[in-house]
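Engineer: File target29.pdb below, PDB, C-alpha atoms:
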MODEL        1
ATOM      1  CA  MET U 168       7.914 -56.661  78.415
ATOM      2  CA  ILE U 169       5.329 -57.043  75.701
ATOM      3  CA  PHE U 170       7.763 -58.791  73.320
ATOM      4  CA  ASN U 171       9.807 -62.016  73.071
ATOM      5  CA  LEU U 172       7.179 -64.495  74.211
ATOM      6  CA  ASN U 173       8.619 -67.996  73.598
ATOM      7  CA  ASN U 174      11.847 -66.326  72.375
ATOM      8  CA  GLN U 175      10.117 -65.018  69.240
ATOM      9  CA  GLY U 176      10.993 -61.359  69.814
ATOM     10  CA  ALA U 177      12.827 -60.797  66.515
ATOM     11  CA  ALA U 178       9.966 -62.355  64.532
ATOM     12  CA  GLU U 179       7.448 -60.175  66.399
ATOM     13  CA  LEU U 180       9.445 -57.032  65.594
ATOM     14  CA  ARG U 181       9.592 -58.099  61.944
ATOM     15  CA  HIS U 182       5.824 -58.586  61.917
ATOM     16  CA  MET U 183       5.153 -55.209  63.536
ATOM     17  CA  THR U 184       7.620 -53.112  61.523
ATOM     18  CA  GLY U 185       8.212 -55.029  58.279
ATOM     19  CA  ASN U 186      11.895 -54.073  58.248
ATOM     20  CA  TYR U 187      13.604 -55.792  61.189
ATOM     21  CA  TYR U 188      15.605 -58.898  60.314
ATOM     22  CA  VAL U 189      14.348 -62.066  61.986
ATOM     23  CA  GLY U 190      17.952 -63.300  62.216
ATOM     24  CA  ASN U 191      19.003 -60.383  64.437
ATOM     25  CA  ASP U 192      19.869 -61.085  68.051
ATOM     26  CA  PHE U 193      16.883 -59.843  70.066
ATOM     27  CA  SER U 194      19.084 -58.893  73.028
ATOM     28  CA  VAL U 195      20.699 -56.012  71.076
ATOM     29  CA  VAL U 196      17.333 -54.227  70.758
ATOM     30  CA  GLU U 197      15.912 -55.197  74.147
ATOM     31  CA  MET U 198      16.925 -51.990  75.937
ATOM     32  CA  ASP U 199      15.513 -49.908  73.074
ATOM     33  CA  ILE U 200      12.184 -51.683  73.612
ATOM     34  CA  ILE U 201      12.273 -50.852  77.309
ATOM     35  CA  ASP U 202      12.962 -47.171  76.531
ATOM     36  CA  ALA U 203      10.177 -47.059  73.908
ATOM     37  CA  THR U 204       7.800 -48.752  76.358
ATOM     38  CA  ASP U 205       8.493 -46.113  79.009
ATOM     39  CA  GLU U 206       7.831 -43.353  76.465
ATOM     40  CA  LEU U 207       4.489 -44.862  75.444
ATOM     41  CA  ILE U 208       3.464 -45.314  79.078
ATOM     42  CA  GLN U 209       3.870 -41.541  79.514
ATOM     43  CA  VAL U 210       1.091 -41.152  76.929
ATOM     44  CA  ILE U 211      -1.366 -43.963  77.694
ATOM     45  CA  GLY U 212      -0.714 -44.552  81.384
ATOM     46  CA  ARG U 213       0.707 -47.520  83.287
ATOM     47  CA  ALA U 214      -2.660 -49.226  83.840
ATOM     48  CA  VAL U 215      -3.468 -49.446  80.126
ATOM     49  CA  TYR U 216      -0.028 -50.818  79.323
ATOM     50  CA  ASP U 217      -0.138 -53.366  82.156
ATOM     51  CA  LYS U 218      -3.490 -54.633  80.881
ATOM     52  CA  ALA U 219      -2.043 -55.111  77.393
ATOM     53  CA  GLU U 220       1.062 -56.825  78.743
ATOM     54  CA  THR U 221      -1.030 -59.214  80.854
ATOM     55  CA  SER U 222      -3.092 -60.213  77.811
ATOM     56  CA  TYR U 223       0.108 -60.720  75.819
ATOM     57  CA  LYS U 224       1.664 -63.000  78.443
ATOM     58  CA  GLU U 225      -1.565 -65.004  78.504
ATOM     59  CA  GLY U 226      -1.020 -65.727  74.814
ATOM     60  CA  LYS U 227      -3.736 -63.390  73.499
ATOM     61  CA  ASN U 228      -1.567 -62.067  70.673
ATOM     62  CA  ASP U 229      -4.604 -61.375  68.495
ATOM     63  CA  ASP U 230      -6.052 -59.043  71.139
ATOM     64  CA  ARG U 231      -6.555 -55.625  69.511
ATOM     65  CA  LEU U 232      -5.130 -53.723  72.478
ATOM     66  CA  VAL U 233      -2.002 -55.889  72.454
ATOM     67  CA  GLN U 234      -1.386 -55.207  68.770
ATOM     68  CA  LEU U 235      -2.035 -51.474  69.101
ATOM     69  CA  VAL U 236       0.411 -51.220  72.020
ATOM     70  CA  GLN U 237       3.067 -53.396  70.386
ATOM     71  CA  ARG U 238       3.284 -51.486  67.104
ATOM     72  CA  PRO U 239       4.386 -48.025  68.343
ATOM     73  CA  ILE U 240       6.854 -49.638  70.743
ATOM     74  CA  ALA U 241       8.307 -51.752  67.939
ATOM     75  CA  LEU U 242       8.554 -48.790  65.547
ATOM     76  CA  LEU U 243      10.294 -46.491  68.024
ATOM     77  CA  ALA U 244      12.618 -49.197  69.369
ATOM     78  CA  THR U 245      13.784 -50.293  65.915
ATOM     79  CA  LEU U 246      14.265 -46.651  64.857
ATOM     80  CA  HIS U 247      16.606 -46.124  67.791
ATOM     81  CA  PHE U 248      18.342 -49.423  67.007
ATOM     82  CA  PHE U 249      18.884 -48.449  63.354
ATOM     83  CA  GLN U 250      20.210 -45.034  64.336
ATOM     84  CA  ARG U 251      22.770 -46.631  66.651
ATOM     85  CA  SER U 252      23.726 -49.201  64.014
ATOM     86  CA  ASP U 253      24.611 -46.679  61.305
ATOM     87  CA  VAL U 254      28.077 -46.585  62.851
ATOM     88  CA  SER U 255      29.594 -49.764  64.296
ATOM     89  CA  HIS U 256      31.456 -49.510  67.578
ATOM     90  CA  GLU U 257      34.507 -51.774  67.674
ATOM     91  CA  ASP U 258      37.564 -52.161  69.873
ATOM     92  CA  SER U 259      39.638 -50.123  67.419
ATOM     93  CA  GLY U 260      37.063 -47.314  67.190
ATOM     94  CA  ARG U 261      33.935 -46.389  65.267
ATOM     95  CA  LYS U 262      33.568 -47.728  61.722
ATOM     96  CA  ILE U 263      31.242 -47.175  58.761
ATOM     97  CA  LYS U 264      30.659 -49.137  55.546
ATOM     98  CA  VAL U 265      32.467 -47.697  52.556
ATOM     99  CA  ALA U 266      32.407 -49.693  49.307
ATOM    100  CA  SER U 267      33.028 -49.062  45.630
ATOM    101  CA  ASP U 268      32.448 -52.588  44.357
ATOM    102  CA  GLY U 269      28.650 -52.566  44.378
ATOM    103  CA  THR U 270      28.286 -53.871  47.915
ATOM    104  CA  ASP U 271      26.330 -52.093  50.650
ATOM    105  CA  LYS U 272      27.644 -48.798  51.922
ATOM    106  CA  ILE U 273      26.477 -46.132  54.325
ATOM    107  CA  PRO U 274      23.647 -43.934  52.898
ATOM    108  CA  TRP U 275      23.989 -40.204  52.470
ATOM    109  CA  GLU U 276      23.022 -38.126  55.484
ATOM    110  CA  TRP U 277      19.903 -36.754  53.752
ATOM    111  CA  GLN U 278      18.798 -40.338  53.039
ATOM    112  CA  LEU U 279      19.180 -41.230  56.706
ATOM    113  CA  ASP U 280      17.261 -38.108  57.750
ATOM    114  CA  ARG U 281      14.413 -38.932  55.373
ATOM    115  CA  ASP U 282      14.287 -42.546  56.572
ATOM    116  CA  ASP U 283      14.239 -41.378  60.201
ATOM    117  CA  ALA U 284      11.362 -39.012  59.384
ATOM    118  CA  VAL U 285       9.365 -41.832  57.738
ATOM    119  CA  HIS U 286       9.860 -44.126  60.740
ATOM    120  CA  LEU U 287       9.004 -41.366  63.209
ATOM    121  CA  GLN U 288       5.832 -40.500  61.306
ATOM    122  CA  ALA U 289       4.853 -44.200  61.348
ATOM    123  CA  TYR U 290       5.379 -44.208  65.125
ATOM    124  CA  TYR U 291       3.216 -41.111  65.585
ATOM    125  CA  SER U 292       0.473 -42.642  63.401
ATOM    126  CA  ALA U 293       0.549 -45.823  65.487
ATOM    127  CA  VAL U 294       0.159 -43.802  68.695
ATOM    128  CA  GLU U 295      -2.765 -41.944  67.085
ATOM    129  CA  ARG U 296      -4.547 -45.220  66.282
ATOM    130  CA  LEU U 297      -4.012 -46.479  69.816
ATOM    131  CA  ILE U 298      -5.423 -43.326  71.442
ATOM    132  CA  ARG U 299      -8.436 -43.238  69.124
ATOM    133  CA  TRP U 300      -9.190 -46.875  69.859
ATOM    134  CA  LEU U 301      -8.987 -46.181  73.597
ATOM    135  CA  ASN U 302     -11.351 -43.210  73.184
ATOM    136  CA  GLU U 303     -13.837 -45.148  71.063
ATOM    137  CA  SER U 304     -13.821 -48.167  73.370
ATOM    138  CA  ALA U 305     -14.156 -45.924  76.465
ATOM    139  CA  ASP U 306     -11.483 -47.982  78.199
ATOM    140  CA  LYS U 307     -11.865 -47.418  81.956
ATOM    141  CA  ASP U 308      -8.133 -47.412  82.669
ATOM    142  CA  TRP U 309      -7.612 -44.866  79.886
ATOM    143  CA  LEU U 310     -10.420 -42.613  81.112
ATOM    144  CA  ASN U 311      -8.787 -42.620  84.552
ATOM    145  CA  THR U 312      -5.422 -41.324  83.291
ATOM    146  CA  ASP U 313      -4.168 -37.854  84.182
ATOM    147  CA  ALA U 314      -4.604 -36.761  80.553
ATOM    148  CA  CYS U 315      -8.272 -37.696  80.385
ATOM    149  CA  ARG U 316      -9.078 -36.228  83.797
ATOM    150  CA  SER U 317      -7.337 -32.992  82.836
ATOM    151  CA  ALA U 318      -9.195 -32.815  79.510
ATOM    152  CA  ALA U 319     -12.554 -33.160  81.274
ATOM    153  CA  SER U 320     -12.042 -29.768  82.962
ATOM    154  CA  LEU U 321     -11.259 -27.917  79.738
ATOM    155  CA  LEU U 322     -13.380 -26.176  77.124
ATOM    156  CA  ILE U 323     -11.716 -28.285  74.404
ATOM    157  CA  ARG U 324     -11.690 -31.964  75.331
ATOM    158  CA  SER U 325     -10.213 -33.877  72.380
ATOM    159  CA  GLY U 326      -7.916 -33.566  69.396
ATOM    160  CA  ARG U 327     -10.863 -33.876  67.048
ATOM    161  CA  GLU U 328     -12.605 -30.976  68.802
ATOM    162  CA  PHE U 329      -9.411 -28.894  68.827
ATOM    163  CA  ASP U 330      -9.134 -29.448  65.070
ATOM    164  CA  SER U 331     -12.431 -27.624  64.525
ATOM    165  CA  TYR U 332     -10.822 -24.443  65.933
ATOM    166  CA  PHE U 333      -7.270 -24.882  64.609
ATOM    167  CA  PRO U 334      -6.115 -27.666  62.243
ATOM    168  CA  ILE U 335      -3.884 -30.246  63.920
ATOM    169  CA  ALA U 336      -4.825 -33.144  61.598
ATOM    170  CA  GLN U 337      -7.249 -34.317  64.333
ATOM    171  CA  SER U 338      -4.190 -35.539  66.206
ATOM    172  CA  GLU U 339      -5.017 -36.936  69.642
ATOM    173  CA  ARG U 340      -1.294 -37.310  70.354
ATOM    174  CA  MET U 341      -0.801 -33.629  69.616
ATOM    175  CA  TYR U 342      -3.769 -32.789  71.838
ATOM    176  CA  ILE U 343      -2.128 -34.605  74.764
ATOM    177  CA  LEU U 344       1.060 -32.591  74.177
ATOM    178  CA  LEU U 345      -1.022 -29.408  74.205
ATOM    179  CA  LEU U 346      -2.891 -30.216  77.432
ATOM    180  CA  PRO U 347      -0.532 -28.272  79.772
ATOM    181  CA  PHE U 348      -0.752 -25.218  77.488
ATOM    182  CA  LEU U 349      -4.537 -25.513  77.180
ATOM    183  CA  ARG U 350      -4.916 -25.589  80.942
ATOM    184  CA  GLU U 351      -2.504 -22.682  81.403
ATOM    185  CA  ILE U 352      -4.269 -20.450  78.852
ATOM    186  CA  GLN U 353      -7.735 -21.342  80.130
ATOM    187  CA  ILE U 354      -6.810 -20.491  83.733
ATOM    188  CA  ALA U 355      -4.661 -17.420  83.016
ATOM    189  CA  THR U 356      -6.458 -15.817  80.068
ATOM    190  CA  VAL U 357      -9.817 -17.160  78.884
ATOM    191  CA  ALA U 358     -11.541 -17.804  82.231
ATOM    192  CA  PRO U 359     -10.612 -14.394  83.769
ATOM    193  CA  ALA U 360     -11.696 -12.641  80.560
ATOM    194  CA  TYR U 361     -15.070 -14.398  80.651
ATOM    195  CA  GLY U 362     -15.717 -13.721  84.325
ATOM    196  CA  ASN U 363     -17.196 -15.514  87.348
ATOM    197  CA  SER U 364     -19.737 -17.435  85.290
ATOM    198  CA  PHE U 365     -17.038 -19.331  83.390
ATOM    199  CA  PRO U 366     -17.891 -22.645  85.153
ATOM    200  CA  GLU U 367     -21.385 -22.329  83.657
ATOM    201  CA  LEU U 368     -19.841 -21.954  80.202
ATOM    202  CA  LEU U 369     -17.933 -25.206  80.749
ATOM    203  CA  GLN U 370     -21.217 -27.017  81.355
ATOM    204  CA  SER U 371     -23.116 -25.321  78.539
ATOM    205  CA  GLU U 372     -24.039 -26.852  75.202
ATOM    206  CA  THR U 373     -22.603 -25.627  71.913
ATOM    207  CA  SER U 374     -23.261 -21.900  71.461
ATOM    208  CA  ASP U 375     -21.705 -18.913  69.742
ATOM    209  CA  VAL U 376     -20.118 -17.650  72.950
ATOM    210  CA  ARG U 377     -18.637 -21.059  73.721
ATOM    211  CA  TYR U 378     -17.332 -21.284  70.164
ATOM    212  CA  ALA U 379     -15.633 -17.887  70.464
ATOM    213  CA  ALA U 380     -14.093 -18.817  73.826
ATOM    214  CA  SER U 381     -12.856 -22.155  72.442
ATOM    215  CA  LYS U 382     -11.472 -20.483  69.323
ATOM    216  CA  ALA U 383      -9.507 -18.025  71.457
ATOM    217  CA  LEU U 384      -8.278 -20.869  73.668
ATOM    218  CA  ALA U 385      -7.080 -22.932  70.690
ATOM    219  CA  LEU U 386      -5.314 -20.027  68.982
ATOM    220  CA  TYR U 387      -3.587 -18.840  72.163
ATOM    221  CA  THR U 388      -2.539 -22.437  72.876
ATOM    222  CA  MET U 389      -0.996 -22.949  69.438
ATOM    223  CA  SER U 390       0.764 -19.602  69.732
ATOM    224  CA  VAL U 391       2.396 -20.731  72.972
ATOM    225  CA  ALA U 392       3.137 -24.227  71.628
ATOM    226  CA  LEU U 393       4.973 -22.840  68.585
ATOM    227  CA  ARG U 394       7.232 -20.893  70.941
ATOM    228  CA  ARG U 395       7.869 -23.684  73.437
ATOM    229  CA  LEU U 396       7.561 -27.066  71.673
ATOM    230  CA  PRO U 397      10.192 -28.500  69.303
ATOM    231  CA  LEU U 398       8.703 -28.307  65.799
ATOM    232  CA  GLN U 399       9.387 -32.007  65.151
ATOM    233  CA  LEU U 400       6.789 -32.883  67.804
ATOM    234  CA  ILE U 401       4.041 -31.175  65.794
ATOM    235  CA  PRO U 402       2.283 -33.485  63.273
ATOM    236  CA  TYR U 403       3.722 -33.369  59.761
ATOM    237  CA  ALA U 404       0.372 -32.346  58.265
ATOM    238  CA  VAL U 405       0.318 -29.259  60.512
ATOM    239  CA  ILE U 406       3.872 -28.314  59.540
ATOM    240  CA  ARG U 407       3.063 -28.883  55.861
ATOM    241  CA  GLY U 408       0.041 -26.592  56.100
ATOM    242  CA  PHE U 409       2.133 -24.051  57.975
ATOM    243  CA  ASN U 410       4.831 -24.166  55.269
ATOM    244  CA  SER U 411       2.337 -23.874  52.408
ATOM    245  CA  ALA U 412       0.636 -20.891  54.041
ATOM    246  CA  ASN U 413       4.012 -19.168  54.206
ATOM    247  CA  GLY U 414       5.002 -19.876  50.584
ATOM    248  CA  MET U 415       7.496 -22.665  51.311
ATOM    249  CA  ALA U 416       7.804 -26.114  49.767
ATOM    250  CA  ASP U 417       6.375 -29.027  51.753
ATOM    251  CA  SER U 418       9.815 -30.494  52.292
ATOM    252  CA  GLN U 419      11.329 -27.230  53.516
ATOM    253  CA  PRO U 420      11.537 -27.167  57.329
ATOM    254  CA  ALA U 421      10.030 -24.228  59.178
ATOM    255  CA  SER U 422      12.653 -21.989  60.755
ATOM    256  CA  LEU U 423      12.548 -20.531  64.254
ATOM    257  CA  GLU U 424      11.791 -17.112  62.769
ATOM    258  CA  ASP U 425       8.854 -18.562  60.830
ATOM    259  CA  ALA U 426       7.475 -20.172  63.993
ATOM    260  CA  GLN U 427       7.817 -16.928  65.944
ATOM    261  CA  ARG U 428       6.057 -14.959  63.202
ATOM    262  CA  MET U 429       3.249 -17.489  63.059
ATOM    263  CA  SER U 430       2.982 -17.414  66.846
ATOM    264  CA  ALA U 431       2.506 -13.636  66.787
ATOM    265  CA  ILE U 432      -0.190 -13.919  64.102
ATOM    266  CA  LEU U 433      -2.073 -16.543  66.120
ATOM    267  CA  GLU U 434      -1.834 -14.485  69.294
ATOM    268  CA  ALA U 435      -3.351 -11.475  67.531
ATOM    269  CA  ASP U 436      -6.174 -13.627  66.131
ATOM    270  CA  ALA U 437      -6.769 -15.088  69.578
ATOM    271  CA  ALA U 438      -7.088 -11.617  71.119
ATOM    272  CA  ASP U 439      -9.673 -10.818  68.433
ATOM    273  CA  TRP U 440     -11.742 -13.873  69.326
ATOM    274  CA  LEU U 441     -11.459 -13.082  73.025
ATOM    275  CA  GLU U 442     -13.136  -9.728  72.334
ATOM    276  CA  ARG U 443     -15.840 -11.447  70.291
ATOM    277  CA  MET U 444     -16.433 -13.785  73.229
ATOM    278  CA  LYS U 445     -17.064 -10.763  75.458
ATOM    279  CA  GLN U 446     -19.442  -9.245  72.903
ATOM    280  CA  LEU U 447     -21.426 -12.467  72.664
ATOM    281  CA  ARG U 448     -21.462 -12.808  76.449
ATOM    282  CA  ASP U 449     -22.728  -9.275  77.057
ATOM    283  CA  GLY U 450     -24.610  -8.586  73.857
ATOM    284  CA  SER U 451     -22.530  -5.417  73.416
ATOM    285  CA  SER U 452     -18.929  -4.333  73.121
ATOM    286  CA  GLU U 453     -16.778  -1.464  74.262
ATOM    287  CA  ASP U 454     -15.774  -1.094  70.619
ATOM    288  CA  GLU U 455     -19.253   0.277  69.917
ATOM    289  CA  VAL U 456     -18.584   3.339  72.106
ATOM    290  CA  GLN U 457     -17.733   6.362  69.939
ATOM    291  CA  LEU U 458     -14.391   7.567  71.248
ATOM    292  CA  LEU U 459     -14.042  10.484  68.770
ATOM    293  CA  PRO U 460     -16.838  12.678  67.352
ATOM    294  CA  ASN U 461     -17.698  12.519  63.684
ATOM    295  CA  ASN U 462     -15.995  15.218  61.636
ATOM    296  CA  SER U 463     -18.534  17.727  60.236
ATOM    297  CA  LYS U 464     -17.414  20.543  57.929
ATOM    298  CA  THR U 465     -20.551  22.571  58.740
ATOM    299  CA  ASN U 466     -20.361  22.236  62.495
ATOM    300  CA  LYS U 467     -16.904  23.319  63.623
ATOM    301  CA  PHE U 468     -16.671  25.524  66.700
ATOM    302  CA  PHE U 469     -15.266  25.618  70.184
ATOM    303  CA  ARG U 470     -16.246  27.205  73.453
ATOM    304  CA  THR U 471     -14.222  28.975  76.075
TER     305      THR U 471
ENDMDL
END
Mind turning this structure into structure tokens?
Structural biologist:
Amino acid sequence: MIFNLNNQGAAELRHMTGNYYVGNDFSVVEMDIIDATDELIQVIGRAVYDKAETSYKEGKNDDRLVQLVQRPIALLATLHFFQRSDVSHEDSGRKIKVASDGTDKIPWEWQLDRDDAVHLQAYYSAVERLIRWLNESADKDWLNTDACRSAASLLIRSGREFDSYFPIAQSERMYILLLPFLREIQIATVAPAYGNSFPELLQSETSDVRYAASKALALYTMSVALRRLPLQLIPYAVIRGFNSANGMADSQPASLEDAQRMSAILEADAADWLERMKQLRDGSSEDEVQLLPNNSKTNKFFRT
């Protein structure tokens, strides 16, 4: 565990989150930390985490990797702890605070939901910072993870690059979530549409045809993601842009119908870009073939 060195776990959580009481018993949040650690390992890989934990146990608390790994774990663990603590579990049943004398009482449900959203967004931002630091430092253990190896075989290889084709707030965390969909669409749709020379396109420098192929890949991927991923996993900035584009207030959640409509729009746009990719690849398009003759009022006849 990357917390509670020298029995200072509560103080470390307070330092990392700013809202955990130092006087709390660390043991009550310990299992939440283990769960949050496992979730982060799914993103960054076991080797990266183990390296951070080793540095921590050696007393290198000022190590940048240690701090970047600690913060998302602390944020997610304390969020889960707070959610469980809203209702106390006692021998006589579940209890909540209810007071009319000015003392503390349970918040309204909308207040709890908003607080949960703030904490979750802070967690996502912390994961973003960690991934960007790993990318910038070219950490060997990070580059050897399944996510990085999978990205190397794709047309779009980072969240920042994906953002140039479809806005995802340059989210590297979101990009990792999209990796299975990116690979699926590239194999099932974009590569077959391009043809046998697709491996050459993967190795090519930036060009119009590569841009069109990448644009189609990104749009198809987001179309699939909107149908399959829970909306709360998509960065808030993406949802906010999605809401604004559909005439809704920023705070108004997108409905399933909205997501399905947006998915259909993106799929149609993606098909458009797939055709443009073919035009740029071949230098011509089937659309240029005249399927019907021009109507001429002075030249109307038929033969038998």
Engineer: Using only C-alpha atoms, find the one residue out of U:Leu235, U:Pro347, U:Gln337, U:Asn186 that sits nearest to Asp282 (chain U).
Structural biologist: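 The shortest atom-to-atom distance to Asp282 (chain U) comes from U:Asn186.
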Engineer: Measure the distance from CA of Leu349 (chain U) to CA of Leu242 (chain U) in Å and round it to one decimal.
Structural biologist: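 Pair CA of Leu349 (chain U) / CA of Leu242 (chain U) returns 29.1 Å.
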Engineer: For Pro239 (chain U), which residue out of U:Tyr290, U:Phe348, U:Tyr188, U:Tyr361 is the nearest one, using all atoms listed in the file?
Structural biologist: U:Tyr290
Engineer: For the structure shown, which residues end up in the PyMOL selection byres ((chain U and resi 216) around 12)? Put them as an mmCIF file with C-alpha atoms, keeping the file's coordinate frame, please?
Structural biologist:
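result_10.cif written:
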data_model
loop_
_atom_site.group_PDB
_atom_site.id
_atom_site.type_symbol
_atom_site.label_atom_id
_atom_site.label_comp_id
_atom_site.auth_asym_id
_atom_site.auth_seq_id
_atom_site.Cartn_x
_atom_site.Cartn_y
_atom_site.Cartn_z
ATOM 1 C CA MET U 168 7.914 -56.661 78.415
ATOM 2 C CA ILE U 169 5.329 -57.043 75.701
ATOM 3 C CA THR U 204 7.800 -48.752 76.358
ATOM 4 C CA ASP U 205 8.493 -46.113 79.009
ATOM 5 C CA GLU U 206 7.831 -43.353 76.465
ATOM 6 C CA LEU U 207 4.489 -44.862 75.444
ATOM 7 C CA ILE U 208 3.464 -45.314 79.078
ATOM 8 C CA GLN U 209 3.870 -41.541 79.514
ATOM 9 C CA VAL U 210 1.091 -41.152 76.929
ATOM 10 C CA ILE U 211 -1.366 -43.963 77.694
ATOM 11 C CA GLY U 212 -0.714 -44.552 81.384
ATOM 12 C CA ARG U 213 0.707 -47.520 83.287
ATOM 13 C CA ALA U 214 -2.660 -49.226 83.840
ATOM 14 C CA VAL U 215 -3.468 -49.446 80.126
ATOM 15 C CA ASP U 217 -0.138 -53.366 82.156
ATOM 16 C CA LYS U 218 -3.490 -54.633 80.881
ATOM 17 C CA ALA U 219 -2.043 -55.111 77.393
ATOM 18 C CA GLU U 220 1.062 -56.825 78.743
ATOM 19 C CA THR U 221 -1.030 -59.214 80.854
ATOM 20 C CA SER U 222 -3.092 -60.213 77.811
ATOM 21 C CA TYR U 223 0.108 -60.720 75.819
ATOM 22 C CA LEU U 232 -5.130 -53.723 72.478
ATOM 23 C CA VAL U 233 -2.002 -55.889 72.454
ATOM 24 C CA GLN U 234 -1.386 -55.207 68.770
ATOM 25 C CA LEU U 235 -2.035 -51.474 69.101
ATOM 26 C CA VAL U 236 0.411 -51.220 72.020
ATOM 27 C CA GLN U 237 3.067 -53.396 70.386
ATOM 28 C CA ILE U 240 6.854 -49.638 70.743
ATOM 29 C CA LEU U 297 -4.012 -46.479 69.816
ATOM 30 C CA LEU U 301 -8.987 -46.181 73.597
ATOM 31 C CA ASP U 306 -11.483 -47.982 78.199
ATOM 32 C CA ASP U 308 -8.133 -47.412 82.669
ATOM 33 C CA TRP U 309 -7.612 -44.866 79.886
ATOM 34 C CA THR U 312 -5.422 -41.324 83.291
#
Engineer: Evaluate the PyMOL selection byres ((chain U and resi 244) around 8) on the structure here and hand back the selected residues as a PDB file with C-alpha atoms, keeping the file's coordinate frame.
Structural biologist:
ATOM      1  CA  VAL U 196      17.333 -54.227  70.758  1.00  0.00           C
ATOM      2  CA  ASP U 199      15.513 -49.908  73.074  1.00  0.00           C
ATOM      3  CA  ILE U 200      12.184 -51.683  73.612  1.00  0.00           C
ATOM      4  CA  ASP U 202      12.962 -47.171  76.531  1.00  0.00           C
ATOM      5  CA  ALA U 203      10.177 -47.059  73.908  1.00  0.00           C
ATOM      6  CA  ILE U 240       6.854 -49.638  70.743  1.00  0.00           C
ATOM      7  CA  ALA U 241       8.307 -51.752  67.939  1.00  0.00           C
ATOM      8  CA  LEU U 242       8.554 -48.790  65.547  1.00  0.00           C
ATOM      9  CA  LEU U 243      10.294 -46.491  68.024  1.00  0.00           C
ATOM     10  CA  THR U 245      13.784 -50.293  65.915  1.00  0.00           C
ATOM     11  CA  LEU U 246      14.265 -46.651  64.857  1.00  0.00           C
ATOM     12  CA  HIS U 247      16.606 -46.124  67.791  1.00  0.00           C
ATOM     13  CA  PHE U 248      18.342 -49.423  67.007  1.00  0.00           C
TER      14      PHE U 248
END
Engineer: Residues within 8 Å of region 371-386 of chain U, please, as JSON, numbers by chain. Count all atoms listed in the file; anything in the same chain fewer than 5 positions from it doesn't count.
Structural biologist: {"U": [322, 323, 329, 332, 333, 349, 352, 353, 357, 433, 434, 436, 437, 438, 439, 440, 441, 443, 444, 445, 447, 448]}
Engineer: Pick out the closest residue to Glu339 (chain U) from this set: U:Ser252, U:Ser325, U:Ser430, U:Asn311. Count only C-alpha atoms.
Structural biologist: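 Closest to Glu339 (chain U) of all the choices is U:Ser325.
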Engineer: Mind giving me the straight-line distance from CA of Glu351 (chain U) to CA of Arg296 (chain U) in Å, one decimal?
Structural biologist: 27.2 Å
